[in-house]
file start-v3.txt (compact mmCIF, C-alpha atoms (C1' of nucleotides))
# COMPACT_ATOMS: atom_id res chain seq x y z
CA MET A 1 96.78 71.19 112.56
CA SER A 2 99.34 73.85 112.10
CA THR A 3 102.25 72.48 114.04
CA ARG A 4 104.26 74.86 111.92
CA THR A 5 107.73 73.68 112.87
CA VAL A 6 109.16 74.81 109.57
CA THR A 7 111.88 77.35 109.20
CA PRO A 8 110.72 80.88 109.91
CA THR A 9 113.18 82.32 107.40
CA THR A 10 112.86 85.98 108.11
CA LEU A 11 114.35 88.59 105.84
CA THR A 12 116.51 91.50 106.83
CA THR A 13 115.58 94.93 105.56
CA ARG A 14 118.25 94.71 102.91
CA GLU A 15 117.17 91.26 101.77
CA PHE A 16 113.58 92.45 101.57
CA GLU A 17 114.62 95.30 99.33
CA LEU A 18 116.76 93.06 97.14
CA VAL A 19 113.92 90.61 96.64
CA ALA A 20 111.45 93.37 95.80
CA LYS A 21 113.91 94.81 93.33
CA ALA A 22 114.62 91.43 91.76
CA LEU A 23 110.93 90.70 91.27
CA SER A 24 110.20 94.09 89.76
CA ASP A 25 111.51 93.33 86.29
CA PRO A 26 109.05 91.26 84.19
CA ARG A 27 111.81 89.49 82.29
CA ARG A 28 113.57 88.50 85.49
CA MET A 29 110.28 87.33 86.96
CA ALA A 30 109.69 85.22 83.85
CA LEU A 31 113.16 83.70 84.20
CA LEU A 32 112.41 82.87 87.80
CA GLU A 33 109.16 81.22 86.78
CA ALA A 34 110.94 79.20 84.12
CA ILE A 35 113.46 77.96 86.65
CA GLY A 36 110.67 77.15 89.04
CA SER A 37 108.78 75.16 86.43
CA ALA A 38 111.26 72.33 86.96
CA THR A 39 113.15 71.23 90.01
CA THR A 40 116.34 72.42 88.40
CA PHE A 41 117.08 74.27 85.20
CA PRO A 42 120.29 74.46 83.20
CA CYS A 43 121.33 77.95 82.25
CA HIS A 44 121.90 77.47 78.52
CA GLN A 45 118.27 76.41 78.10
CA LEU A 46 117.26 79.78 79.46
CA CYS A 47 119.37 81.39 76.77
CA GLU A 48 117.49 79.37 74.18
CA GLN A 49 114.01 80.07 75.48
CA PHE A 50 114.39 83.80 76.01
CA PRO A 51 115.22 86.29 73.28
CA VAL A 52 118.07 87.92 75.16
CA SER A 53 121.81 87.57 75.02
CA LYS A 54 123.63 85.29 77.40
CA GLY A 55 125.27 88.32 78.95
CA THR A 56 121.86 89.59 79.93
CA ILE A 57 120.82 86.19 81.26
CA SER A 58 123.95 86.10 83.38
CA HIS A 59 123.19 89.56 84.71
CA HIS A 60 119.68 88.56 85.75
CA MET A 61 120.91 85.35 87.37
CA LYS A 62 123.34 87.39 89.41
CA GLU A 63 120.54 89.59 90.63
CA LEU A 64 118.35 86.61 91.51
CA LEU A 65 121.26 85.04 93.38
CA ARG A 66 121.98 88.27 95.23
CA ALA A 67 118.36 88.36 96.35
CA GLY A 68 118.56 84.74 97.50
CA LEU A 69 115.76 83.76 95.13
CA ILE A 70 117.72 80.99 93.45
CA LYS A 71 120.74 78.85 94.11
CA ALA A 72 123.24 77.68 91.54
CA ARG A 73 125.07 74.37 91.27
CA ARG A 74 127.81 73.58 88.84
CA GLU A 75 127.19 70.28 87.08
CA GLY A 76 130.31 69.68 85.03
CA GLN A 77 129.99 71.89 82.03
CA TYR A 78 126.63 73.32 82.95
CA ILE A 79 125.16 75.35 85.75
CA HIS A 80 121.84 74.34 87.19
CA TYR A 81 119.56 76.78 88.92
CA GLU A 82 116.96 76.04 91.51
CA VAL A 83 114.32 78.29 93.01
CA ARG A 84 114.58 78.96 96.73
CA ARG A 85 110.92 78.92 97.59
CA GLU A 86 111.59 79.75 101.23
CA THR A 87 112.73 83.18 100.12
CA ILE A 88 109.56 83.77 98.13
CA ALA A 89 107.49 82.66 101.09
CA ALA A 90 109.50 84.82 103.47
CA TYR A 91 109.08 87.84 101.24
CA SER A 92 105.37 87.23 100.93
CA ASN A 93 105.03 86.86 104.67
CA GLU A 94 107.05 89.97 105.39
CA LEU A 95 104.94 91.89 102.90
CA MET A 96 101.74 90.85 104.63
CA ARG A 97 103.26 91.51 108.04
CA ARG A 98 104.19 95.07 107.11
CA MET A 99 100.70 95.70 105.80
CA GLY A 100 99.14 93.66 108.52
CA GLN A 101 97.82 95.40 111.56
CA PRO A 102 96.42 98.91 111.33
CA GLY A 103 97.48 100.87 114.34
CA PRO A 104 95.01 102.53 116.73
CA ALA A 105 96.35 105.95 115.92
CA ASP A 106 94.01 107.43 113.37
CA ALA A 107 93.97 111.17 112.92
CA MET B 1 87.04 78.76 109.29
CA SER B 2 86.74 81.51 106.76
CA THR B 3 83.53 81.56 104.78
CA ARG B 4 85.16 82.95 101.69
CA THR B 5 83.04 86.05 101.45
CA VAL B 6 84.23 88.09 98.51
CA THR B 7 87.25 89.44 96.75
CA PRO B 8 88.77 86.77 94.58
CA THR B 9 90.68 89.76 93.30
CA THR B 10 92.94 88.29 90.72
CA LEU B 11 95.53 90.44 89.05
CA THR B 12 96.09 90.78 85.34
CA THR B 13 99.60 90.45 84.03
CA ARG B 14 99.87 94.19 83.75
CA GLU B 15 98.56 94.79 87.27
CA PHE B 16 100.99 92.21 88.62
CA GLU B 17 103.86 94.05 86.97
CA LEU B 18 102.69 97.43 88.22
CA VAL B 19 102.44 96.19 91.79
CA ALA B 20 105.88 94.59 91.66
CA LYS B 21 107.31 97.80 90.28
CA ALA B 22 105.57 99.94 92.85
CA LEU B 23 106.86 97.82 95.71
CA SER B 24 110.43 97.81 94.42
CA ASP B 25 111.34 101.28 95.64
CA PRO B 26 112.15 101.36 99.38
CA ARG B 27 110.87 104.89 99.82
CA ARG B 28 107.58 104.06 98.16
CA MET B 29 107.30 100.91 100.23
CA ALA B 30 107.89 103.00 103.35
CA LEU B 31 105.18 105.42 102.28
CA LEU B 32 102.81 102.53 101.78
CA GLU B 33 103.62 101.22 105.23
CA ALA B 34 103.03 104.63 106.75
CA ILE B 35 99.64 104.85 105.09
CA GLY B 36 98.86 101.36 106.27
CA SER B 37 99.80 102.17 109.85
CA ALA B 38 96.46 103.94 110.20
CA THR B 39 93.12 103.31 108.57
CA THR B 40 93.57 106.48 106.60
CA PHE B 41 96.41 108.93 106.24
CA PRO B 42 96.36 112.57 105.15
CA CYS B 43 98.89 113.44 102.49
CA HIS B 44 100.46 116.50 104.08
CA GLN B 45 101.51 114.37 107.06
CA LEU B 46 103.50 112.20 104.68
CA CYS B 47 105.26 115.32 103.47
CA GLU B 48 106.17 116.12 107.06
CA GLN B 49 107.38 112.66 108.02
CA PHE B 50 109.50 111.98 104.95
CA PRO B 51 112.47 114.08 103.89
CA VAL B 52 111.29 114.50 100.31
CA SER B 53 109.55 117.29 98.47
CA LYS B 54 105.81 117.24 98.04
CA GLY B 55 106.28 116.86 94.31
CA THR B 56 108.06 113.59 94.94
CA ILE B 57 105.35 112.45 97.35
CA SER B 58 102.74 113.20 94.73
CA HIS B 59 104.70 111.20 92.17
CA HIS B 60 104.89 108.17 94.45
CA MET B 61 101.21 108.41 95.31
CA LYS B 62 100.40 108.39 91.62
CA GLU B 63 102.42 105.21 91.17
CA LEU B 64 100.75 103.53 94.15
CA LEU B 65 97.36 104.51 92.78
CA ARG B 66 98.24 103.20 89.32
CA ALA B 67 99.17 99.87 90.89
CA GLY B 68 95.90 99.78 92.81
CA LEU B 69 97.78 99.64 96.12
CA ILE B 70 96.01 102.63 97.63
CA LYS B 71 92.87 104.64 97.13
CA ALA B 72 92.50 108.36 97.58
CA ARG B 73 89.60 110.34 98.96
CA ARG B 74 89.33 114.09 98.98
CA GLU B 75 88.28 115.40 102.38
CA GLY B 76 87.75 119.09 101.91
CA GLN B 77 91.16 120.63 101.84
CA TYR B 78 93.03 117.41 102.33
CA ILE B 79 93.44 114.10 100.57
CA HIS B 80 93.29 110.92 102.58
CA TYR B 81 94.94 107.73 101.46
CA GLU B 82 94.01 104.21 102.35
CA VAL B 83 95.81 100.96 101.67
CA ARG B 84 93.98 98.45 99.49
CA ARG B 85 95.00 95.31 101.27
CA GLU B 86 93.17 93.12 98.75
CA THR B 87 95.74 94.12 96.18
CA ILE B 88 98.62 93.19 98.45
CA ALA B 89 96.99 89.84 99.18
CA ALA B 90 96.26 89.26 95.50
CA TYR B 91 99.85 90.03 94.58
CA SER B 92 101.16 87.74 97.28
CA ASN B 93 98.87 84.93 96.16
CA GLU B 94 99.76 85.36 92.52
CA LEU B 95 103.45 85.32 93.45
CA MET B 96 103.07 82.03 95.28
CA ARG B 97 100.89 80.62 92.52
CA ARG B 98 103.51 81.38 89.88
CA MET B 99 106.14 79.67 91.94
CA GLY B 100 103.99 76.60 92.26
CA GLN B 101 103.08 76.98 95.89
CA PRO B 102 99.64 77.11 97.38
CA GLY B 103 98.85 80.56 98.61
CA PRO B 104 98.12 80.98 102.31
CA ALA B 105 94.34 80.91 102.09
CA ASP B 106 94.14 82.00 105.70
CA ALA B 107 97.36 82.95 107.37
C1' DG C 1 148.36 71.60 73.49
C1' DT C 2 143.76 73.13 70.29
C1' DT C 3 138.94 73.50 69.53
C1' DG C 4 134.14 74.07 70.90
C1' DT C 5 130.73 75.08 74.29
C1' DT C 6 129.22 77.44 78.57
C1' DG C 7 129.02 81.13 81.36
C1' DT C 8 131.06 85.79 83.28
C1' DT C 9 132.64 90.39 82.92
C1' DC C 10 133.42 94.68 80.81
C1' DG C 11 132.33 98.83 78.03
C1' DA C 12 128.75 101.40 75.89
C1' DC C 13 124.19 102.90 74.97
C1' DA C 14 119.21 103.83 75.48
C1' DG C 15 115.45 104.10 78.34
C1' DT C 16 113.66 104.64 82.94
C1' DT C 17 113.17 106.92 87.36
C1' DA C 18 113.64 109.27 91.89
C1' DT C 19 114.38 113.81 93.02
C1' DA C 20 114.07 118.97 93.52
C1' DA C 21 112.41 123.45 92.30
C1' DA C 22 109.32 126.26 90.29
C1' DA C 23 104.93 127.06 88.16
C1' DC C 24 100.31 125.93 88.40
C1' DT C 25 95.51 124.33 90.22
C1' DG C 26 92.32 123.96 93.70
C1' DT C 27 90.25 124.70 98.13
C1' DA C 28 89.16 127.35 102.49
C1' DG C 29 88.65 131.27 105.01
C1' DT C 30 89.03 136.26 105.16
C1' DA D 1 88.65 140.39 95.49
C1' DC D 2 93.08 138.48 98.36
C1' DT D 3 95.83 135.37 101.24
C1' DA D 4 97.19 130.95 102.80
C1' DC D 5 97.52 126.20 102.46
C1' DA D 6 97.33 121.46 99.89
C1' DG D 7 98.47 118.97 96.03
C1' DT D 8 99.67 118.42 90.87
C1' DT D 9 102.29 119.09 86.83
C1' DT D 10 106.34 120.60 84.39
C1' DT D 11 111.15 120.86 83.67
C1' DA D 12 115.67 119.46 84.42
C1' DT D 13 119.09 116.47 86.25
C1' DA D 14 121.57 112.71 88.14
C1' DA D 15 121.51 108.03 88.97
C1' DC D 16 120.15 103.58 87.83
C1' DT D 17 119.21 99.58 84.72
C1' DG D 18 118.16 96.33 80.94
C1' DT D 19 120.35 95.33 76.86
C1' DC D 20 123.92 94.02 73.45
C1' DG D 21 128.37 92.77 71.88
C1' DA D 22 132.85 91.61 72.49
C1' DA D 23 136.44 90.01 75.28
C1' DC D 24 137.47 86.83 78.73
C1' DA D 25 137.49 82.56 81.75
C1' DA D 26 136.24 77.78 82.82
C1' DC D 27 135.23 73.31 81.38
C1' DA D 28 135.05 69.07 78.24
C1' DA D 29 136.60 66.44 74.48
C1' DC D 30 139.85 65.91 71.15
call {"tool": "encode", "arguments": {"input": "start-v3.txt", "output": "structure tokens"}}
result
Amino acid sequence: MSTRTVTPTTLTTREFELVAKALSDPRRMALLEAIGSATTFPCHQLCEQFPVSKGTISHHMKELLRAGLIKARREGQYIHYEVRRETIAAYSNELMRRMGQPGPADA
Amino acid sequence: MSTRTVTPTTLTTREFELVAKALSDPRRMALLEAIGSATTFPCHQLCEQFPVSKGTISHHMKELLRAGLIKARREGQYIHYEVRRETIAAYSNELMRRMGQPGPADA
DNA sequence: GTTGTTGTTCGACAGTTATAAAACTGTAGT
DNA sequence: ACTACAGTTTTATAACTGTCGAACAACAAC
């Protein structure tokens, strides 16, 4: 069944590192999950739901953007965020690939 | 068709955080890959192949152990490390699950 | 224009961490 | 016992980072 014509979406070494880094902070991971819980998520709601300052929220959003884990869209007064699931999938795949095949060379 | 033998291997919240943290450092990720490149890997070879002190290697191994990403086995004078691929798979699955995607049951 | 709301950026601070170097523990073979 | 090698723990340091708060910028409505 797996015609698998979807985008491969590979990650460069740098992107892989940025994603890993972005996912490593529990708060940032929670923010990402919150954004992913809806198709889009306005930023000021994040500020309401998490006990951190808006400066901190903004900082985390910047990191998630840098890693390509979310995309932002200005909607008049507000900014809406959306999870880029391809990036998550690509990171997951790359992770498995790097751990994938044990080489023949065993000491 | 996979017969679903064992290892549901779910991760607790804490384990999930530890794995994410452990994977976030490029050097540590590289060490994990090196260990995974063979079925087992003696520690002193890691010290040779990476330009870091053995104290630093030991520190990283401790973190990887804490995250459940490797297991260690004393072999006389040496210590052999082995990648716990179930943990990687469990982390990957949990990541996809949290983002509302079905994990790749067999990829 | 002014005012209010939303988000960014800029110090500053506290906690974390990757690293080395030295001291220490353990293990193997003299 | 001693020597050599393998790995851990301790100590110190430099760099990084999550956080706040305040200043700033952008936008909407007045």
call {"tool": "interface_residues", "arguments": {"input": "start-v3.txt", "of": "chain A", "to": "chain D", "cutoff": "9 Å", "atoms": "all atoms listed in the file", "output": "PyMOL selection string"}}
result
chain A and resi 52-53+55-56+76-78
call {"tool": "closest_residue", "arguments": {"input": "start-v3.txt", "among": "C:DG29, C:DC13, C:DT5, C:DT19", "to": "chain B", "atoms": "all atoms listed in the file"}}
result
C:DT19
call {"tool": "calpha_fit_rmsd", "arguments": {"input": "start-v3.txt", "fixed": "chain B", "moving": "chain A"}}
result
5.5 Å
call {"tool": "residues_around", "arguments": {"input": "start-v3.txt", "residues": "Glu48 (chain A)", "least_positions_apart": "5", "cutoff": "12 Å", "atoms": "all atoms listed in the file", "output": "PDB file with C-alpha atoms, in the coordinates of the input"}}
result
ATOM      1  CA  LEU A  31     113.160  83.700  84.200  1.00  0.00           C
ATOM      2  CA  ALA A  34     110.940  79.200  84.120  1.00  0.00           C
ATOM      3  CA  PRO A  42     120.290  74.460  83.200  1.00  0.00           C
ATOM      4  CA  CYS A  43     121.330  77.950  82.250  1.00  0.00           C
ATOM      5  CA  SER A  53     121.810  87.570  75.020  1.00  0.00           C
ATOM      6  CA  LYS A  54     123.630  85.290  77.400  1.00  0.00           C
ATOM      7  CA  ILE A  57     120.820  86.190  81.260  1.00  0.00           C
TER       8      ILE A  57
END
call {"tool": "residues_near_point", "arguments": {"input": "start-v3.txt", "point": "(107.1, 92.0, 92.7)", "cutoff": "12 Å", "atoms": "only C-alpha atoms (C1' of nucleotides)", "output": "ChimeraX atom specification"}}
result
/A:16-30,32,88,91-92,95 /B:13-25,29,67,88,90-96,98
call {"tool": "closest_residue", "arguments": {"input": "start-v3.txt", "among": "C:DC10, C:DA21, C:DT3, C:DT30", "to": "chain B", "atoms": "all atoms listed in the file"}}
result
C:DA21
call {"tool": "atom_distance", "arguments": {"input": "start-v3.txt", "atom1": "CA of Met99 (chain A)", "atom2": "CA of Ile35 (chain B)"}}
result
9.2 Å
call {"tool": "atom_distance", "arguments": {"input": "start-v3.txt", "atom1": "C1' of DC24 (chain C)", "atom2": "CA of Pro51 (chain B)"}}
result
23.0 Å
call {"tool": "closest_atom_pairs", "arguments": {"input": "start-v3.txt", "of": "chain C", "to": "chain A", "cutoff": "8 Å", "atoms": "all atoms listed in the file", "output": "JSON lines"}}
result
{"residue": "C:DT6", "atom": "C1'", "partner": "A:Tyr78", "partner_atom": "CA", "distance": 6.5}
{"residue": "C:DG7", "atom": "C1'", "partner": "A:Ser58", "partner_atom": "CA", "distance": 7.4}
{"residue": "C:DT8", "atom": "C1'", "partner": "A:Ser58", "partner_atom": "CA", "distance": 7.1}
call {"tool": "atom_distance", "arguments": {"input": "start-v3.txt", "atom1": "CA of Lys71 (chain B)", "atom2": "CA of Arg84 (chain B)"}}
result
6.7 Å
call {"tool": "closest_residue", "arguments": {"input": "start-v3.txt", "among": "A:His60, A:Leu65, A:Gly36, A:Thr10", "to": "chain B", "atoms": "only C-alpha atoms"}}
result
A:Gly36
call {"tool": "residues_near_point", "arguments": {"input": "start-v3.txt", "point": "(94.7, 107.0, 100.9)", "cutoff": "7 Å", "atoms": "all atoms listed in the file", "output": "ChimeraX atom specification"}}
result
/B:35,40-41,70-73,80-83
call {"tool": "write_last_selection", "arguments": {"input": "start-v3.txt", "atoms": "C-alpha atoms", "output": "CSV table (one decimal), keeping the file's coordinate frame"}}
result
chain,number,residue,atom,x,y,z
B,35,ILE,CA,99.6,104.8,105.1
B,40,THR,CA,93.6,106.5,106.6
B,41,PHE,CA,96.4,108.9,106.2
B,70,ILE,CA,96.0,102.6,97.6
B,71,LYS,CA,92.9,104.6,97.1
B,72,ALA,CA,92.5,108.4,97.6
B,73,ARG,CA,89.6,110.3,99.0
B,80,HIS,CA,93.3,110.9,102.6
B,81,TYR,CA,94.9,107.7,101.5
B,82,GLU,CA,94.0,104.2,102.4
B,83,VAL,CA,95.8,101.0,101.7
call {"tool": "closest_residue", "arguments": {"input": "start-v3.txt", "among": "A:Thr12, A:Glu63, A:Gln45, A:Gly100", "to": "chain B", "atoms": "only C-alpha atoms"}}
result
A:Gly100
call {"tool": "closest_residue", "arguments": {"input": "start-v3.txt", "among": "B:Arg97, B:Ser37, B:Thr9, B:Leu69", "to": "chain A", "atoms": "all atoms listed in the file"}}
result
B:Ser37
call {"tool": "closest_residue", "arguments": {"input": "start-v3.txt", "among": "B:Gln49, B:Gly68, B:Glu75, B:Met61", "to": "Ala89 (chain B)", "atoms": "all atoms listed in the file"}}
result
B:Gly68
call {"tool": "decode", "arguments": {"input": "start-v3.txt", "residues": "region 68-105 of chain A", "atoms": "N, CA and C atoms", "output": "PDB file, in the first residue's frame"}}
result
ATOM      1  N   GLY A  68      12.221  25.264  12.850  1.00  0.00           N
ATOM      2  CA  GLY A  68      11.271  24.860  11.814  1.00  0.00           C
ATOM      3  C   GLY A  68      10.135  24.013  12.345  1.00  0.00           C
ATOM      4  N   LEU A  69       9.908  24.082  13.654  1.00  0.00           N
ATOM      5  CA  LEU A  69       8.867  23.244  14.255  1.00  0.00           C
ATOM      6  C   LEU A  69       7.491  23.889  14.194  1.00  0.00           C
ATOM      7  N   ILE A  70       7.459  25.189  13.991  1.00  0.00           N
ATOM      8  CA  ILE A  70       6.181  25.885  13.848  1.00  0.00           C
ATOM      9  C   ILE A  70       6.302  26.926  12.749  1.00  0.00           C
ATOM     10  N   LYS A  71       5.172  27.400  12.273  1.00  0.00           N
ATOM     11  CA  LYS A  71       5.184  28.565  11.410  1.00  0.00           C
ATOM     12  C   LYS A  71       4.211  29.589  11.980  1.00  0.00           C
ATOM     13  N   ALA A  72       4.511  30.844  11.722  1.00  0.00           N
ATOM     14  CA  ALA A  72       3.721  31.929  12.286  1.00  0.00           C
ATOM     15  C   ALA A  72       3.024  32.687  11.169  1.00  0.00           C
ATOM     16  N   ARG A  73       1.813  33.169  11.475  1.00  0.00           N
ATOM     17  CA  ARG A  73       1.059  33.947  10.491  1.00  0.00           C
ATOM     18  C   ARG A  73       0.405  35.116  11.202  1.00  0.00           C
ATOM     19  N   ARG A  74       0.653  36.284  10.718  1.00  0.00           N
ATOM     20  CA  ARG A  74       0.034  37.454  11.336  1.00  0.00           C
ATOM     21  C   ARG A  74      -1.418  37.535  10.887  1.00  0.00           C
ATOM     22  N   GLU A  75      -2.305  37.693  11.861  1.00  0.00           N
ATOM     23  CA  GLU A  75      -3.736  37.781  11.567  1.00  0.00           C
ATOM     24  C   GLU A  75      -4.216  39.076  12.197  1.00  0.00           C
ATOM     25  N   GLY A  76      -3.991  40.182  11.497  1.00  0.00           N
ATOM     26  CA  GLY A  76      -4.360  41.483  12.056  1.00  0.00           C
ATOM     27  C   GLY A  76      -3.540  41.773  13.297  1.00  0.00           C
ATOM     28  N   GLN A  77      -4.239  41.811  14.398  1.00  0.00           N
ATOM     29  CA  GLN A  77      -3.589  42.168  15.655  1.00  0.00           C
ATOM     30  C   GLN A  77      -2.837  40.988  16.266  1.00  0.00           C
ATOM     31  N   TYR A  78      -3.236  39.814  15.897  1.00  0.00           N
ATOM     32  CA  TYR A  78      -2.716  38.619  16.553  1.00  0.00           C
ATOM     33  C   TYR A  78      -1.746  37.860  15.648  1.00  0.00           C
ATOM     34  N   ILE A  79      -1.025  36.963  16.286  1.00  0.00           N
ATOM     35  CA  ILE A  79      -0.157  36.051  15.540  1.00  0.00           C
ATOM     36  C   ILE A  79      -0.601  34.628  15.831  1.00  0.00           C
ATOM     37  N   HIS A  80      -0.821  33.895  14.764  1.00  0.00           N
ATOM     38  CA  HIS A  80      -1.254  32.516  14.921  1.00  0.00           C
ATOM     39  C   HIS A  80      -0.094  31.579  14.612  1.00  0.00           C
ATOM     40  N   TYR A  81       0.034  30.574  15.453  1.00  0.00           N
ATOM     41  CA  TYR A  81       1.083  29.587  15.246  1.00  0.00           C
ATOM     42  C   TYR A  81       0.480  28.266  14.815  1.00  0.00           C
ATOM     43  N   GLU A  82       1.260  27.558  14.044  1.00  0.00           N
ATOM     44  CA  GLU A  82       0.826  26.255  13.554  1.00  0.00           C
ATOM     45  C   GLU A  82       2.011  25.303  13.580  1.00  0.00           C
ATOM     46  N   VAL A  83       1.762  24.088  14.012  1.00  0.00           N
ATOM     47  CA  VAL A  83       2.828  23.093  14.101  1.00  0.00           C
ATOM     48  C   VAL A  83       3.178  22.587  12.708  1.00  0.00           C
ATOM     49  N   ARG A  84       4.461  22.484  12.435  1.00  0.00           N
ATOM     50  CA  ARG A  84       4.907  21.881  11.174  1.00  0.00           C
ATOM     51  C   ARG A  84       5.217  20.407  11.440  1.00  0.00           C
ATOM     52  N   ARG A  85       4.225  19.594  11.226  1.00  0.00           N
ATOM     53  CA  ARG A  85       4.373  18.179  11.577  1.00  0.00           C
ATOM     54  C   ARG A  85       5.401  17.469  10.695  1.00  0.00           C
ATOM     55  N   GLU A  86       5.633  17.993   9.522  1.00  0.00           N
ATOM     56  CA  GLU A  86       6.661  17.368   8.667  1.00  0.00           C
ATOM     57  C   GLU A  86       8.014  17.387   9.372  1.00  0.00           C
ATOM     58  N   THR A  87       8.277  18.484  10.073  1.00  0.00           N
ATOM     59  CA  THR A  87       9.572  18.597  10.742  1.00  0.00           C
ATOM     60  C   THR A  87       9.697  17.564  11.853  1.00  0.00           C
ATOM     61  N   ILE A  88       8.614  17.410  12.624  1.00  0.00           N
ATOM     62  CA  ILE A  88       8.624  16.384  13.675  1.00  0.00           C
ATOM     63  C   ILE A  88       8.884  15.016  13.063  1.00  0.00           C
ATOM     64  N   ALA A  89       8.157  14.725  11.984  1.00  0.00           N
ATOM     65  CA  ALA A  89       8.294  13.427  11.334  1.00  0.00           C
ATOM     66  C   ALA A  89       9.712  13.246  10.795  1.00  0.00           C
ATOM     67  N   ALA A  90      10.240  14.317  10.208  1.00  0.00           N
ATOM     68  CA  ALA A  90      11.591  14.234   9.645  1.00  0.00           C
ATOM     69  C   ALA A  90      12.620  14.003  10.744  1.00  0.00           C
ATOM     70  N   TYR A  91      12.427  14.677  11.862  1.00  0.00           N
ATOM     71  CA  TYR A  91      13.354  14.485  12.980  1.00  0.00           C
ATOM     72  C   TYR A  91      13.277  13.048  13.500  1.00  0.00           C
ATOM     73  N   SER A  92      12.060  12.585  13.659  1.00  0.00           N
ATOM     74  CA  SER A  92      11.857  11.221  14.137  1.00  0.00           C
ATOM     75  C   SER A  92      12.499  10.210  13.192  1.00  0.00           C
ATOM     76  N   ASN A  93      12.296  10.419  11.915  1.00  0.00           N
ATOM     77  CA  ASN A  93      12.884   9.515  10.927  1.00  0.00           C
ATOM     78  C   ASN A  93      14.398   9.543  10.972  1.00  0.00           C
ATOM     79  N   GLU A  94      14.942  10.745  11.029  1.00  0.00           N
ATOM     80  CA  GLU A  94      16.394  10.885  11.051  1.00  0.00           C
ATOM     81  C   GLU A  94      16.980  10.227  12.295  1.00  0.00           C
ATOM     82  N   LEU A  95      16.261  10.375  13.399  1.00  0.00           N
ATOM     83  CA  LEU A  95      16.692   9.755  14.646  1.00  0.00           C
ATOM     84  C   LEU A  95      16.774   8.241  14.494  1.00  0.00           C
ATOM     85  N   MET A  96      15.721   7.658  13.942  1.00  0.00           N
ATOM     86  CA  MET A  96      15.702   6.214  13.734  1.00  0.00           C
ATOM     87  C   MET A  96      16.765   5.803  12.716  1.00  0.00           C
ATOM     88  N   ARG A  97      16.946   6.613  11.698  1.00  0.00           N
ATOM     89  CA  ARG A  97      17.939   6.281  10.680  1.00  0.00           C
ATOM     90  C   ARG A  97      19.334   6.217  11.296  1.00  0.00           C
ATOM     91  N   ARG A  98      19.640   7.207  12.139  1.00  0.00           N
ATOM     92  CA  ARG A  98      20.977   7.244  12.730  1.00  0.00           C
ATOM     93  C   ARG A  98      21.209   6.091  13.698  1.00  0.00           C
ATOM     94  N   MET A  99      20.144   5.598  14.266  1.00  0.00           N
ATOM     95  CA  MET A  99      20.262   4.474  15.192  1.00  0.00           C
ATOM     96  C   MET A  99      19.993   3.151  14.501  1.00  0.00           C
ATOM     97  N   GLY A 100      19.668   3.272  13.220  1.00  0.00           N
ATOM     98  CA  GLY A 100      19.123   2.143  12.502  1.00  0.00           C
ATOM     99  C   GLY A 100      19.978   0.914  12.402  1.00  0.00           C
ATOM    100  N   GLN A 101      20.887   0.910  11.452  1.00  0.00           N
ATOM    101  CA  GLN A 101      21.553  -0.345  11.116  1.00  0.00           C
ATOM    102  C   GLN A 101      22.880  -0.479  11.847  1.00  0.00           C
ATOM    103  N   PRO A 102      23.020  -1.517  12.655  1.00  0.00           N
ATOM    104  CA  PRO A 102      24.299  -1.791  13.281  1.00  0.00           C
ATOM    105  C   PRO A 102      25.287  -2.294  12.237  1.00  0.00           C
ATOM    106  N   GLY A 103      26.432  -1.716  12.249  1.00  0.00           N
ATOM    107  CA  GLY A 103      27.445  -2.096  11.269  1.00  0.00           C
ATOM    108  C   GLY A 103      27.992  -3.481  11.549  1.00  0.00           C
ATOM    109  N   PRO A 104      28.715  -4.051  10.586  1.00  0.00           N
ATOM    110  CA  PRO A 104      29.289  -5.387  10.753  1.00  0.00           C
ATOM    111  C   PRO A 104      30.511  -5.363  11.668  1.00  0.00           C
ATOM    112  N   ALA A 105      31.087  -4.179  11.782  1.00  0.00           N
ATOM    113  CA  ALA A 105      32.348  -4.086  12.518  1.00  0.00           C
ATOM    114  C   ALA A 105      32.099  -4.116  14.021  1.00  0.00           C
TER     115      ALA A 105
END
